[in-house]
Amino acid sequence: MKIIASLVLYKHLYQDVQETLTSLFNEESIAKVVIVDNGAHCGWLSTLTHEKLEVITLPVNRGFGAGHNAVITRYRLQAEFILICNPDIAFEQGEVDKLYAFSVRHQTGLSIPKVVYPDGSLQHGCKLLPSPYQLLIRRFISRFSSNINTEYELRNADYSRPFFAPSLSGCFMLLSQRALSDVGGFDTRFFLYLEDVDLSRRVCQAQHVVRYCPDALVIHESQRRSYRDVRFLLFHITSAIRYFNKWGWFSDRQRKSLNQRCLAELPNAK
């Protein structure tokens, strides 16, 4: 099989994910769509049928990464790629096929398409690896965040061309079987947030090709819940502490090396 798509749900209704499912089912390169019912709250899944659909029910919600790991563990050896997809994604038919063709051509371990908001404006899914200072300023001191975001979110990059970035958004990422064999999936210490940064970094560390693909486009209804819900803010803070405990707070040579490589190779917008 070319691609198996992984979709993790938690207390979602069918109407919340209908557009995402339709988009995934319509792609020729996607052989199977595996829905993970994280915590066994989506009873409506028992009545949903499609030739490409499979459902995994996990009795306990152990987080975003753990949910996708259930798919990776069970199906990794059955497909060339695993597609990690958020339940708030939509796209025109053929977009994943384009991403697949790009990934095969460039032999990527990890790739993402161009991601936009529903109004068509760009989401900056390609980033540098964060420092504690950058995350603090971006989240809590907005009047200083503009200059920080410009470099950290690679806002001066030419998004009409492919490029390397050490951190790619987990909302829609295509991971090769080869890369997953080396890195093993998400680190489940991250319940929510920064699990995609950590995984991107480990794919880079394993020396697989990591690329942004300008050929494909998806629409992401990003909610930024940590800005509106204190529970999600706490998830974000906890994950940040665990991330920097793992990789280093202020002394992090690999972060510096990967970020420098990204900036040196970056195609700048004209």
# chains A, B, ... in the order shown; residues from 1 in each chain; ligands from 1
>>> closest_atom_pairs(of="range 1-50 of chain A", to="range 174-177 of chain A", cutoff="10 Å", atoms="only C-alpha atoms", output="CSV")
residue,atom,partner,partner_atom,distance
A:Lys2,CA,A:Ser176,CA,9.9
A:Ile3,CA,A:Leu174,CA,8.6
A:Ile4,CA,A:Leu174,CA,9.7
A:Ala5,CA,A:Leu174,CA,8.9
>>> residues_around(residues="Ser103 in chain A", least_positions_apart="3", cutoff="12 Å", atoms="only C-alpha atoms", output="PyMOL selection string")
chain A and resi 2-3+80-83+96-100+106-113+162+173-177+208-216
>>> write_last_selection(atoms="N, CA, C and O atoms", output="short mmCIF file (atom, residue, chain, number, x, y, z; two decimals), in the first residue's frame")
data_model
loop_
_atom_site.label_atom_id
_atom_site.label_comp_id
_atom_site.auth_asym_id
_atom_site.auth_seq_id
_atom_site.Cartn_x
_atom_site.Cartn_y
_atom_site.Cartn_z
N LYS A 2 0.37 2.30 -0.62
CA LYS A 2 1.12 3.56 -0.67
C LYS A 2 1.04 4.29 0.68
O LYS A 2 2.06 4.55 1.31
N ILE A 3 -0.18 4.63 1.10
CA ILE A 3 -0.36 5.45 2.31
C ILE A 3 -1.47 4.86 3.17
O ILE A 3 -2.54 4.47 2.67
N GLU A 80 4.04 2.21 2.47
CA GLU A 80 5.24 3.01 2.26
C GLU A 80 5.28 4.21 3.20
O GLU A 80 6.35 4.61 3.67
N PHE A 81 4.09 4.78 3.46
CA PHE A 81 4.01 5.99 4.28
C PHE A 81 2.82 5.91 5.23
O PHE A 81 1.79 5.30 4.91
N ILE A 82 2.96 6.55 6.37
CA ILE A 82 1.85 6.80 7.29
C ILE A 82 1.57 8.30 7.26
O ILE A 82 2.48 9.12 7.43
N LEU A 83 0.30 8.67 7.05
CA LEU A 83 -0.11 10.07 7.04
C LEU A 83 -0.75 10.41 8.38
O LEU A 83 -1.77 9.82 8.76
N VAL A 96 -3.16 14.86 -1.78
CA VAL A 96 -2.29 13.87 -1.14
C VAL A 96 -1.51 13.09 -2.18
O VAL A 96 -0.35 12.72 -1.96
N ASP A 97 -2.13 12.85 -3.32
CA ASP A 97 -1.42 12.18 -4.41
C ASP A 97 -0.19 12.99 -4.82
O ASP A 97 0.87 12.43 -5.10
N LYS A 98 -0.33 14.32 -4.84
CA LYS A 98 0.81 15.18 -5.16
C LYS A 98 1.89 15.09 -4.10
O LYS A 98 3.09 15.05 -4.39
N LEU A 99 1.47 15.09 -2.83
CA LEU A 99 2.43 14.98 -1.72
C LEU A 99 3.15 13.64 -1.77
O LEU A 99 4.36 13.56 -1.53
N TYR A 100 2.42 12.58 -2.09
CA TYR A 100 3.02 11.26 -2.22
C TYR A 100 4.06 11.24 -3.33
O TYR A 100 5.18 10.74 -3.15
N HIS A 106 11.65 12.66 -3.88
CA HIS A 106 12.73 13.19 -3.05
C HIS A 106 13.19 12.21 -1.97
O HIS A 106 14.08 12.54 -1.19
N GLN A 107 12.55 11.02 -1.93
CA GLN A 107 12.88 10.00 -0.93
C GLN A 107 12.87 10.57 0.49
O GLN A 107 13.80 10.38 1.28
N THR A 108 11.78 11.24 0.81
CA THR A 108 11.69 11.90 2.11
C THR A 108 11.37 10.92 3.23
O THR A 108 10.66 9.93 3.04
N GLY A 109 11.88 11.23 4.40
CA GLY A 109 11.45 10.54 5.61
C GLY A 109 10.26 11.24 6.23
O GLY A 109 9.42 10.61 6.88
N LEU A 110 10.19 12.56 6.01
CA LEU A 110 9.10 13.37 6.55
C LEU A 110 8.85 14.54 5.61
O LEU A 110 9.79 15.21 5.18
N SER A 111 7.58 14.77 5.29
CA SER A 111 7.23 15.92 4.46
C SER A 111 5.86 16.44 4.87
O SER A 111 5.05 15.71 5.45
N ILE A 112 5.63 17.72 4.59
CA ILE A 112 4.31 18.31 4.77
C ILE A 112 3.98 19.15 3.54
O ILE A 112 4.88 19.62 2.84
N PRO A 113 2.68 19.35 3.27
CA PRO A 113 2.28 20.22 2.16
C PRO A 113 2.20 21.67 2.61
O PRO A 113 2.47 22.00 3.77
N PRO A 162 10.43 24.01 -2.59
CA PRO A 162 10.68 23.09 -1.48
C PRO A 162 11.88 23.52 -0.66
O PRO A 162 12.80 24.16 -1.18
N MET A 173 1.29 15.42 8.38
CA MET A 173 2.66 15.04 8.06
C MET A 173 2.72 13.63 7.48
O MET A 173 2.03 12.72 7.95
N LEU A 174 3.52 13.47 6.45
CA LEU A 174 3.69 12.18 5.78
C LEU A 174 5.04 11.60 6.17
O LEU A 174 6.09 12.18 5.89
N LEU A 175 4.99 10.43 6.84
CA LEU A 175 6.19 9.79 7.37
C LEU A 175 6.44 8.47 6.65
O LEU A 175 5.53 7.66 6.48
N SER A 176 7.68 8.28 6.23
CA SER A 176 8.01 7.06 5.50
C SER A 176 8.20 5.88 6.45
O SER A 176 8.52 6.04 7.63
N GLN A 177 8.00 4.69 5.90
CA GLN A 177 8.24 3.47 6.67
C GLN A 177 9.68 3.41 7.15
O GLN A 177 9.95 2.99 8.28
N HIS A 208 17.29 11.34 7.81
CA HIS A 208 16.34 11.17 6.72
C HIS A 208 16.06 12.54 6.09
O HIS A 208 16.23 13.57 6.72
N VAL A 209 15.61 12.52 4.86
CA VAL A 209 15.28 13.76 4.15
C VAL A 209 13.99 14.34 4.72
O VAL A 209 12.97 13.64 4.83
N VAL A 210 14.04 15.60 5.11
CA VAL A 210 12.89 16.31 5.66
C VAL A 210 12.63 17.52 4.77
O VAL A 210 13.51 18.37 4.61
N ARG A 211 11.44 17.61 4.19
CA ARG A 211 11.18 18.66 3.22
C ARG A 211 9.75 19.18 3.30
O ARG A 211 8.80 18.44 3.53
N TYR A 212 9.63 20.49 3.05
CA TYR A 212 8.34 21.12 2.78
C TYR A 212 8.03 20.94 1.30
O TYR A 212 8.89 21.14 0.44
N CYS A 213 6.80 20.54 1.00
CA CYS A 213 6.36 20.30 -0.38
C CYS A 213 5.41 21.40 -0.83
O CYS A 213 4.29 21.51 -0.29
N PRO A 214 5.79 22.22 -1.81
CA PRO A 214 4.92 23.29 -2.29
C PRO A 214 3.87 22.82 -3.29
O PRO A 214 2.98 23.58 -3.67
N ASP A 215 3.95 21.56 -3.71
CA ASP A 215 3.08 21.05 -4.78
C ASP A 215 1.67 20.75 -4.31
O ASP A 215 0.74 20.70 -5.11
N ALA A 216 1.52 20.49 -3.01
CA ALA A 216 0.22 20.09 -2.46
C ALA A 216 -0.26 21.11 -1.45
O ALA A 216 0.54 21.79 -0.79
#
>>> select_by_dssp(residues="range 16-208 of chain A", states="alpha helix (DSSP H)", output="MDAnalysis selection string")
chainID A and resid 16:25 64:75 95:106 132:140 145:152 177:183 195:205
>>> closest_residue(among="A:Gly65, A:Gly248, A:Gly43, A:Pro118", to="Ile89 in chain A", atoms="only C-alpha atoms")
A:Pro118
>>> residues_around(residues="Glu153 in chain A", least_positions_apart="4", cutoff="12 Å", atoms="only C-alpha atoms", output="list in words")
Leu122, Gln123, His124, Gly125, Cys126, Lys127, Leu128, Leu129, Pro130, Gln134, Leu135, Arg138, Ser145, Ser146, Asn147, Ile148, Asn149, Ala157, Tyr159, Ala165, Pro166, Ser167, Leu168, Ser169, Asn259, Cys262 and Leu263 of chain A
>>> write_last_selection(atoms="N, CA, C and O atoms", output="mmCIF file, in the first residue's frame")
data_model
loop_
_atom_site.group_PDB
_atom_site.id
_atom_site.type_symbol
_atom_site.label_atom_id
_atom_site.label_comp_id
_atom_site.auth_asym_id
_atom_site.auth_seq_id
_atom_site.Cartn_x
_atom_site.Cartn_y
_atom_site.Cartn_z
ATOM 1 N N LEU A 122 -1.601 31.874 4.668
ATOM 2 C CA LEU A 122 -0.628 30.822 4.943
ATOM 3 C C LEU A 122 -0.506 30.520 6.425
ATOM 4 O O LEU A 122 -0.415 31.426 7.249
ATOM 5 N N GLN A 123 -0.503 29.246 6.774
ATOM 6 C CA GLN A 123 -0.083 28.814 8.108
ATOM 7 C C GLN A 123 1.382 28.437 8.028
ATOM 8 O O GLN A 123 1.793 27.754 7.091
ATOM 9 N N HIS A 124 2.149 28.884 8.980
ATOM 10 C CA HIS A 124 3.590 28.642 8.946
ATOM 11 C C HIS A 124 3.886 27.305 9.626
ATOM 12 O O HIS A 124 4.252 27.244 10.800
ATOM 13 N N GLY A 125 3.728 26.240 8.846
ATOM 14 C CA GLY A 125 3.926 24.895 9.355
ATOM 15 C C GLY A 125 5.377 24.474 9.400
ATOM 16 O O GLY A 125 5.697 23.413 9.943
ATOM 17 N N CYS A 126 6.262 25.286 8.837
ATOM 18 C CA CYS A 126 7.700 25.008 8.866
ATOM 19 C C CYS A 126 8.351 25.989 9.834
ATOM 20 O O CYS A 126 8.177 27.198 9.705
ATOM 21 N N LYS A 127 9.102 25.452 10.775
ATOM 22 C CA LYS A 127 9.688 26.305 11.804
ATOM 23 C C LYS A 127 11.111 25.863 12.133
ATOM 24 O O LYS A 127 11.533 24.755 11.781
ATOM 25 N N LEU A 128 11.811 26.754 12.832
ATOM 26 C CA LEU A 128 13.067 26.372 13.456
ATOM 27 C C LEU A 128 12.765 25.580 14.726
ATOM 28 O O LEU A 128 11.635 25.588 15.225
ATOM 29 N N LEU A 129 13.767 24.905 15.263
ATOM 30 C CA LEU A 129 13.609 24.294 16.570
ATOM 31 C C LEU A 129 13.581 25.406 17.616
ATOM 32 O O LEU A 129 14.405 26.320 17.576
ATOM 33 N N PRO A 130 12.658 25.337 18.559
ATOM 34 C CA PRO A 130 12.471 26.460 19.486
ATOM 35 C C PRO A 130 13.490 26.480 20.612
ATOM 36 O O PRO A 130 13.981 25.439 21.070
ATOM 37 N N GLN A 134 12.216 31.762 22.856
ATOM 38 C CA GLN A 134 11.268 31.964 21.768
ATOM 39 C C GLN A 134 9.854 31.550 22.161
ATOM 40 O O GLN A 134 8.893 32.274 21.884
ATOM 41 N N LEU A 135 9.717 30.406 22.819
ATOM 42 C CA LEU A 135 8.380 29.967 23.219
ATOM 43 C C LEU A 135 7.769 30.905 24.248
ATOM 44 O O LEU A 135 6.573 31.198 24.197
ATOM 45 N N ARG A 138 6.763 34.273 22.406
ATOM 46 C CA ARG A 138 5.642 34.077 21.487
ATOM 47 C C ARG A 138 4.335 33.911 22.239
ATOM 48 O O ARG A 138 3.287 34.387 21.794
ATOM 49 N N SER A 145 6.804 39.749 20.147
ATOM 50 C CA SER A 145 6.795 38.477 19.433
ATOM 51 C C SER A 145 6.966 38.608 17.930
ATOM 52 O O SER A 145 7.321 37.644 17.262
ATOM 53 N N SER A 146 6.739 39.797 17.361
ATOM 54 C CA SER A 146 6.756 39.934 15.905
ATOM 55 C C SER A 146 8.102 39.565 15.304
ATOM 56 O O SER A 146 8.193 38.755 14.373
ATOM 57 N N ASN A 147 9.170 40.144 15.823
ATOM 58 C CA ASN A 147 10.502 39.838 15.293
ATOM 59 C C ASN A 147 10.898 38.395 15.557
ATOM 60 O O ASN A 147 11.538 37.754 14.716
ATOM 61 N N ILE A 148 10.509 37.887 16.736
ATOM 62 C CA ILE A 148 10.794 36.493 17.072
ATOM 63 C C ILE A 148 10.095 35.574 16.070
ATOM 64 O O ILE A 148 10.684 34.634 15.537
ATOM 65 N N ASN A 149 8.824 35.839 15.780
ATOM 66 C CA ASN A 149 8.057 34.983 14.875
ATOM 67 C C ASN A 149 8.591 35.010 13.457
ATOM 68 O O ASN A 149 8.538 34.006 12.753
ATOM 69 N N ALA A 157 10.593 32.891 4.070
ATOM 70 C CA ALA A 157 10.891 31.803 3.132
ATOM 71 C C ALA A 157 10.007 31.902 1.896
ATOM 72 O O ALA A 157 8.881 32.416 1.943
ATOM 73 N N TYR A 159 7.668 30.057 -0.115
ATOM 74 C CA TYR A 159 6.844 28.862 0.011
ATOM 75 C C TYR A 159 6.378 28.310 -1.332
ATOM 76 O O TYR A 159 5.597 27.362 -1.377
ATOM 77 N N ALA A 165 13.264 22.248 6.753
ATOM 78 C CA ALA A 165 13.043 22.893 8.048
ATOM 79 C C ALA A 165 13.100 21.803 9.105
ATOM 80 O O ALA A 165 12.592 20.691 8.884
ATOM 81 N N PRO A 166 13.694 22.074 10.258
ATOM 82 C CA PRO A 166 13.874 21.021 11.258
ATOM 83 C C PRO A 166 12.638 20.704 12.091
ATOM 84 O O PRO A 166 12.623 19.723 12.828
ATOM 85 N N SER A 167 11.598 21.535 11.970
ATOM 86 C CA SER A 167 10.356 21.306 12.712
ATOM 87 C C SER A 167 9.174 21.500 11.766
ATOM 88 O O SER A 167 8.961 22.600 11.257
ATOM 89 N N LEU A 168 8.409 20.434 11.524
ATOM 90 C CA LEU A 168 7.266 20.489 10.620
ATOM 91 C C LEU A 168 5.981 20.201 11.392
ATOM 92 O O LEU A 168 5.959 19.373 12.306
ATOM 93 N N SER A 169 4.924 20.870 10.998
ATOM 94 C CA SER A 169 3.651 20.784 11.720
ATOM 95 C C SER A 169 3.075 19.379 11.696
ATOM 96 O O SER A 169 3.017 18.724 10.650
ATOM 97 N N ASN A 259 19.136 24.492 12.997
ATOM 98 C CA ASN A 259 18.579 25.803 12.655
ATOM 99 C C ASN A 259 19.495 26.564 11.694
ATOM 100 O O ASN A 259 19.028 27.214 10.753
ATOM 101 N N CYS A 262 19.080 25.110 8.251
ATOM 102 C CA CYS A 262 17.829 25.566 7.650
ATOM 103 C C CYS A 262 17.971 26.974 7.090
ATOM 104 O O CYS A 262 17.629 27.237 5.929
ATOM 105 N N LEU A 263 18.489 27.899 7.889
ATOM 106 C CA LEU A 263 18.595 29.292 7.454
ATOM 107 C C LEU A 263 19.569 29.449 6.297
ATOM 108 O O LEU A 263 19.365 30.280 5.412
#
>>> residues_around(residues="Arg74 in chain A", least_positions_apart="2", cutoff="12 Å", atoms="only C-alpha atoms", output="MDAnalysis selection string")
chainID A and resid 4 6 34 36 54:56 67:72 76:79 82 184:185
>>> write_last_selection(atoms="all heavy atoms", output="CSV table (one decimal), in the first residue's frame")
chain,number,residue,atom,x,y,z
A,4,ILE,N,-1.2,4.8,4.5
A,4,ILE,CA,-2.3,4.6,5.5
A,4,ILE,C,-2.4,5.9,6.3
A,4,ILE,O,-1.4,6.4,6.8
A,4,ILE,CB,-1.9,3.4,6.4
A,4,ILE,CG1,-2.0,2.1,5.6
A,4,ILE,CG2,-2.9,3.3,7.6
A,4,ILE,CD1,-1.5,0.9,6.4
A,6,SER,N,-3.8,8.1,9.4
A,6,SER,CA,-4.1,8.0,10.8
A,6,SER,C,-4.9,9.2,11.3
A,6,SER,O,-4.4,10.4,11.1
A,6,SER,CB,-2.8,7.8,11.6
A,6,SER,OG,-3.1,7.7,13.0
A,34,VAL,N,-7.4,4.9,9.1
A,34,VAL,CA,-7.5,4.2,10.4
A,34,VAL,C,-7.9,5.3,11.4
A,34,VAL,O,-7.1,6.3,11.6
A,34,VAL,CB,-6.3,3.5,10.9
A,34,VAL,CG1,-6.5,2.8,12.2
A,34,VAL,CG2,-5.8,2.5,9.8
A,36,VAL,N,-8.6,6.3,15.2
A,36,VAL,CA,-8.4,5.9,16.6
A,36,VAL,C,-9.4,6.7,17.5
A,36,VAL,O,-9.4,7.9,17.5
A,36,VAL,CB,-6.9,6.3,17.0
A,36,VAL,CG1,-6.7,5.9,18.5
A,36,VAL,CG2,-5.9,5.6,16.1
A,54,GLU,N,-10.9,1.6,8.9
A,54,GLU,CA,-10.7,0.7,10.0
A,54,GLU,C,-10.7,1.6,11.3
A,54,GLU,O,-10.3,2.7,11.2
A,54,GLU,CB,-9.4,-0.1,9.9
A,54,GLU,CG,-9.4,-1.1,8.7
A,54,GLU,CD,-8.4,-2.2,8.9
A,54,GLU,OE1,-8.0,-2.5,10.0
A,54,GLU,OE2,-8.0,-2.8,7.9
A,55,VAL,N,-11.1,1.0,12.4
A,55,VAL,CA,-11.3,1.7,13.6
A,55,VAL,C,-10.5,1.0,14.7
A,55,VAL,O,-10.6,-0.3,14.9
A,55,VAL,CB,-12.7,1.8,14.1
A,55,VAL,CG1,-12.8,2.5,15.4
A,55,VAL,CG2,-13.5,2.6,13.0
A,56,ILE,N,-9.7,1.7,15.5
A,56,ILE,CA,-9.0,1.2,16.7
A,56,ILE,C,-9.6,2.0,17.9
A,56,ILE,O,-9.6,3.2,17.9
A,56,ILE,CB,-7.5,1.5,16.6
A,56,ILE,CG1,-6.9,0.7,15.5
A,56,ILE,CG2,-6.9,1.1,18.0
A,56,ILE,CD1,-5.4,1.0,15.3
A,67,GLY,N,-2.1,8.0,20.5
A,67,GLY,CA,-3.2,7.6,19.6
A,67,GLY,C,-2.6,7.2,18.2
A,67,GLY,O,-2.9,6.1,17.7
A,68,HIS,N,-1.8,8.1,17.7
A,68,HIS,CA,-1.2,7.8,16.4
A,68,HIS,C,-0.2,6.6,16.4
A,68,HIS,O,-0.1,5.9,15.5
A,68,HIS,CB,-0.5,9.1,15.8
A,68,HIS,CG,-1.5,10.1,15.3
A,68,HIS,ND1,-2.3,9.9,14.2
A,68,HIS,CD2,-1.7,11.4,15.7
A,68,HIS,CE1,-3.0,11.0,14.0
A,68,HIS,NE2,-2.7,11.9,14.9
A,69,ASN,N,0.4,6.5,17.6
A,69,ASN,CA,1.4,5.3,17.7
A,69,ASN,C,0.6,4.0,17.6
A,69,ASN,O,1.2,3.0,17.2
A,69,ASN,CB,2.1,5.4,19.0
A,69,ASN,CG,3.3,6.4,19.0
A,69,ASN,OD1,3.6,6.9,18.0
A,69,ASN,ND2,3.9,6.6,20.2
A,70,ALA,N,-0.6,4.0,18.0
A,70,ALA,CA,-1.4,2.7,17.8
A,70,ALA,C,-1.5,2.3,16.4
A,70,ALA,O,-1.4,1.1,16.0
A,70,ALA,CB,-2.8,2.9,18.5
A,71,VAL,N,-1.7,3.3,15.5
A,71,VAL,CA,-1.7,3.1,14.1
A,71,VAL,C,-0.3,2.7,13.5
A,71,VAL,O,-0.2,1.8,12.8
A,71,VAL,CB,-2.3,4.3,13.3
A,71,VAL,CG1,-2.3,4.0,11.8
A,71,VAL,CG2,-3.7,4.6,13.8
A,72,ILE,N,0.7,3.5,14.0
A,72,ILE,CA,2.0,3.2,13.5
A,72,ILE,C,2.5,1.8,13.9
A,72,ILE,O,3.1,1.1,13.0
A,72,ILE,CB,3.0,4.3,14.1
A,72,ILE,CG1,2.7,5.7,13.5
A,72,ILE,CG2,4.5,3.9,13.8
A,72,ILE,CD1,3.4,6.8,14.2
A,76,ARG,N,2.6,0.1,10.3
A,76,ARG,CA,3.8,0.7,9.7
A,76,ARG,C,4.4,-0.2,8.6
A,76,ARG,O,4.8,0.3,7.6
A,76,ARG,CB,4.8,0.9,10.8
A,76,ARG,CG,6.2,1.4,10.2
A,76,ARG,CD,7.1,1.7,11.4
A,76,ARG,NE,7.3,0.6,12.3
A,76,ARG,CZ,8.1,-0.4,12.0
A,76,ARG,NH1,8.8,-0.5,10.9
A,76,ARG,NH2,8.3,-1.4,12.9
A,77,LEU,N,4.4,-1.5,8.8
A,77,LEU,CA,5.1,-2.4,7.8
A,77,LEU,C,4.2,-2.7,6.6
A,77,LEU,O,4.6,-3.3,5.7
A,77,LEU,CB,5.5,-3.7,8.5
A,77,LEU,CG,6.6,-3.5,9.6
A,77,LEU,CD1,6.9,-4.9,10.2
A,77,LEU,CD2,7.8,-2.8,9.1
A,78,GLN,N,2.9,-2.2,6.6
A,78,GLN,CA,2.0,-2.5,5.5
A,78,GLN,C,2.0,-1.4,4.5
A,78,GLN,O,1.3,-1.6,3.4
A,78,GLN,CB,0.6,-2.7,6.1
A,78,GLN,CG,0.5,-3.9,7.1
A,78,GLN,CD,-0.9,-4.1,7.5
A,78,GLN,OE1,-1.9,-3.8,6.8
A,78,GLN,NE2,-1.1,-4.7,8.7
A,79,ALA,N,2.6,-0.3,4.7
A,79,ALA,CA,2.5,0.8,3.7
A,79,ALA,C,3.9,1.5,3.6
A,79,ALA,O,4.7,1.5,4.5
A,79,ALA,CB,1.4,1.8,4.2
A,82,ILE,N,3.0,6.5,6.4
A,82,ILE,CA,1.9,6.8,7.3
A,82,ILE,C,1.6,8.3,7.3
A,82,ILE,O,2.5,9.1,7.4
A,82,ILE,CB,2.2,6.4,8.7
A,82,ILE,CG1,2.5,4.9,8.8
A,82,ILE,CG2,1.1,6.8,9.7
A,82,ILE,CD1,1.2,4.0,8.6
A,184,GLY,N,10.6,5.3,15.5
A,184,GLY,CA,9.6,4.5,16.3
A,184,GLY,C,8.3,5.3,16.6
A,184,GLY,O,7.6,4.8,17.4
A,185,GLY,N,8.1,6.4,16.0
A,185,GLY,CA,6.8,7.1,16.3
A,185,GLY,C,7.0,8.2,17.3
A,185,GLY,O,8.1,8.7,17.6
